[in-house]
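Visitor: Have a look at the structure that comes next, please.
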Amino acid sequence: MIEITDLAKHFGAQVVLDGVTLSVKEGETMALLGPSGTGKSVLLKTIIGLIRPDRGRVVVDDLDVATLSRKALSRLRGTIGYVFQNGALFDSMNVFENVRLGLTDPDQFKDLDFARSRVADCLALVNLPAETTGKMPSELSGGMRKRVGIARAIAGRPKYVLYDEPTSGLDPVNADIIDALVKRLDTELGVTSIMVTHDVRGAFRTADRVALLTQGRIAAIGTPDDFLASEDPAVRAFLQRDFELSSTSSGGVDR
C-alpha cells in the first residue's frame with residue numbers, strides 16, 4: 001500500500017533522511033519511533049507530497065507521489081487523513097466547521113445536511129458528544145482538541161491515516177485514551193495507518209509493527225515483541241527510556 005525506497009532529504013547542510021526504506025502493509029498500523037529531530041514528521045509530509053525528496057521514491061497505491069501532477073496529487077490526498085501534531089484546528093471556526101473541512105468531496109462539503117450528519121458520526125466515533133459541534137477550539141481541553149483533529153482526518157472516509165505525534169502534550173490518562181481510540185478506529189474503519197510518536201509504550205499498545213528511525217535511516221523494524229526481544233544496541237538504548245530492560249535475559253522486560 002505504501003512503499004518508501006531509499007528516501008533522502010536534506011535542508012541545507014543538514015541531512016534529515018538518508019536512505020529510508022519502509023513498506024507499510026494494507027490494513028496495518030505502523031508506529032514510527034525515534035528521537036526528536038530525526039525526520040519522522042518530514043517522512044510523513046513526504047508521503048503526502050508536501051515535501052519533495054532529494055532521492056528515492058514514495059509509492060502510494062502504485063502511484064509515485066513525487067511525479068504526480070497537481071490534480072493527481074490532490075486526488076491522492078483525498079484518500080489520506082492527516083492528524084497534525086497540535087490538532088491544527090482553526091481558532092475562528094467552531095468544531096462543526098473544523099471537522100467539515102475533512103470532507104474531501106466538494107458536493108458532500110456543500111450539502112449541509114450531509115455535512116451535519118457526517119460530522120456528528122465522526123464526533124461519535126471519537127467519543128465526543130453532539131453538543132461539541134458548536135464549541136470553539138478555545139473551549140476544548142487538549143485531549144478534546146486532539147480528538148476533533150482525528151474526527152476531521154476521518155471525515156472523508158480515507159484509506160490511510162497519518163498521525164503526527166497524536167499524544168504529545170497530553171497527560172498519561174488522555175494519552176491512553178487517544179492510543180485506545182487510534183487502535184479502535186484502525187480496526188473499525190479498516191484503514192492503513194502510520195503513527196509518528198515518541199511514546200514507546202503507546203506505540204506498543206497501538207501498532208502492529210514498529211520502525212525505529214535514527215540518523216536518517218530505519219535502524220530496526222518488527223512487532224513490539226520483536227523490539228522487546230531485540231539485542232540491537234540502538235533498539236535497547238532507545239527503549240531504555242521507557243522500559244527497564246532486564247540484563248539477565250535476551251530481551252526480557254520488567255515493566
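Chain labels A, B, ... are given in the sequence in which chains occur in the C-alpha cells; within each chain residues are numbered consecutively from 1, and ligands are likewise numbered from 1 in the order shown.
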Using only C-alpha atoms, which protein or nucleic acid residues come within 8 Å of range 211-225 of chain A? Drop anything in the same chain fewer than 4 positions from it, and give the result as a list in words.
Guide: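 Counting only the stated atoms, we get Val15, Val16, Leu17, Asp18, Gly19, Val20, Thr21, Leu22, Met30, Ala31, Leu32, Leu33, Gly34, Pro35, Thr38, Gly39, Lys40, Phe204, Ala207, Ala229, Ala234 and Val235 of chain A.
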Visitor: So that I can see what lies close to Val65 in chain A, please list as an MDAnalysis selection string the residues with an atom at most 8 Å from it, counting only C-alpha atoms and leaving out residues fewer than 6 positions away in the same chain.
Guide: chainID A and resid 47:49 57:59 73
Visitor: Name the closest residue to Leu162 in chain A among the candidates A:Lys45, A:Arg100, A:Lys25, A:Lys9; distances are taken between atoms, counting only C-alpha atoms.
Guide: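 Result for the nearest residue to Leu162 in chain A: A:Lys45.
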Visitor: Can you tell me, as a PyMOL selection string, what residues are no more than 9 Å from range 181-190 of chain A when counting only C-alpha atoms, ignoring any on the same chain fewer than 5 positions away?
Guide: chain A and resi 26-29+125-127+147+150+154+157-159+161+166+176+205-207
Visitor: Dump as a Markdown table the rows for residues of range 122-237 of chain A within 12 Å of range 84-87 of chain A: closest atom pair and distance in Å with one decimal, only C-alpha atoms counted, ordered by chain and rising residue number.
Guide:
```
| residue | atom | partner | partner_atom | distance |
| --- | --- | --- | --- | --- |
| A:Pro137 | CA | A:Gly87 | CA | 9.7 |
| A:Leu140 | CA | A:Gly87 | CA | 11.4 |
| A:Ser141 | CA | A:Gly87 | CA | 11.3 |
| A:Gly142 | CA | A:Gly87 | CA | 8.7 |
| A:Gly143 | CA | A:Gly87 | CA | 9.5 |
| A:Met144 | CA | A:Gly87 | CA | 9.4 |
| A:Arg145 | CA | A:Gly87 | CA | 6.0 |
| A:Lys146 | CA | A:Gly87 | CA | 5.2 |
| A:Arg147 | CA | A:Gly87 | CA | 8.1 |
| A:Val148 | CA | A:Gly87 | CA | 7.5 |
| A:Gly149 | CA | A:Gly87 | CA | 5.0 |
| A:Ile150 | CA | A:Gly87 | CA | 8.0 |
| A:Ala151 | CA | A:Gly87 | CA | 10.4 |
| A:Arg152 | CA | A:Gly87 | CA | 9.6 |
| A:Ala153 | CA | A:Phe84 | CA | 9.1 |
| A:Val161 | CA | A:Phe84 | CA | 10.8 |
| A:Leu162 | CA | A:Phe84 | CA | 8.5 |
| A:Tyr163 | CA | A:Phe84 | CA | 6.6 |
| A:Asp164 | CA | A:Gln85 | CA | 4.8 |
| A:Glu165 | CA | A:Gln85 | CA | 5.1 |
| A:Pro166 | CA | A:Gln85 | CA | 5.9 |
| A:Thr167 | CA | A:Gln85 | CA | 8.2 |
| A:Ser168 | CA | A:Gln85 | CA | 7.1 |
| A:Gly169 | CA | A:Asn86 | CA | 8.4 |
| A:Leu170 | CA | A:Asn86 | CA | 10.4 |
| A:Met195 | CA | A:Gln85 | CA | 10.6 |
| A:Val196 | CA | A:Gln85 | CA | 9.2 |
| A:Thr197 | CA | A:Gln85 | CA | 9.6 |
| A:His198 | CA | A:Gln85 | CA | 11.8 |
```
Visitor: Produce a file of the selected residues containing C-alpha atoms, as a compact mmCIF listing (two decimals), in the first residue's frame.
Guide:
```txt
# COMPACT_ATOMS: atom_id res chain seq x y z
CA PRO A 137 -11.36 25.29 19.96
CA LEU A 140 -11.90 22.48 24.48
CA SER A 141 -9.32 20.62 26.55
CA GLY A 142 -6.13 19.42 24.92
CA GLY A 143 -7.46 15.87 24.67
CA MET A 144 -10.70 17.06 23.09
CA ARG A 145 -8.83 19.13 20.50
CA LYS A 146 -6.80 16.06 19.59
CA ARG A 147 -9.99 14.06 19.12
CA VAL A 148 -11.55 16.79 16.96
CA GLY A 149 -8.42 16.66 14.80
CA ILE A 150 -8.86 12.90 14.41
CA ALA A 151 -12.56 13.37 13.58
CA ARG A 152 -11.59 15.78 10.80
CA ALA A 153 -8.99 13.33 9.47
CA VAL A 161 -4.48 7.95 8.21
CA LEU A 162 -1.18 9.59 9.14
CA TYR A 163 -0.79 10.61 12.79
CA ASP A 164 1.89 13.14 13.74
CA GLU A 165 2.52 12.80 17.50
CA PRO A 166 -1.16 12.28 18.41
CA THR A 167 -0.46 12.12 22.16
CA SER A 168 2.18 14.84 22.51
CA GLY A 169 1.44 17.32 25.29
CA LEU A 170 -1.21 15.11 26.91
CA MET A 195 1.76 6.95 13.59
CA VAL A 196 4.77 9.11 14.36
CA THR A 197 5.32 9.13 18.10
CA HIS A 198 7.98 9.37 20.80
```
Visitor: Please report the interatomic distance between CA of Ala180 in chain A and CA of Val60 in chain A in Å with one decimal.
Guide: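 Calculated distance between CA of Ala180 in chain A and CA of Val60 in chain A is 26.5 Å.
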Visitor: Work out how far CA of Arg77 in chain A is from CA of Asp105 in chain A, in Å to one decimal.
Guide: 11.5 Å
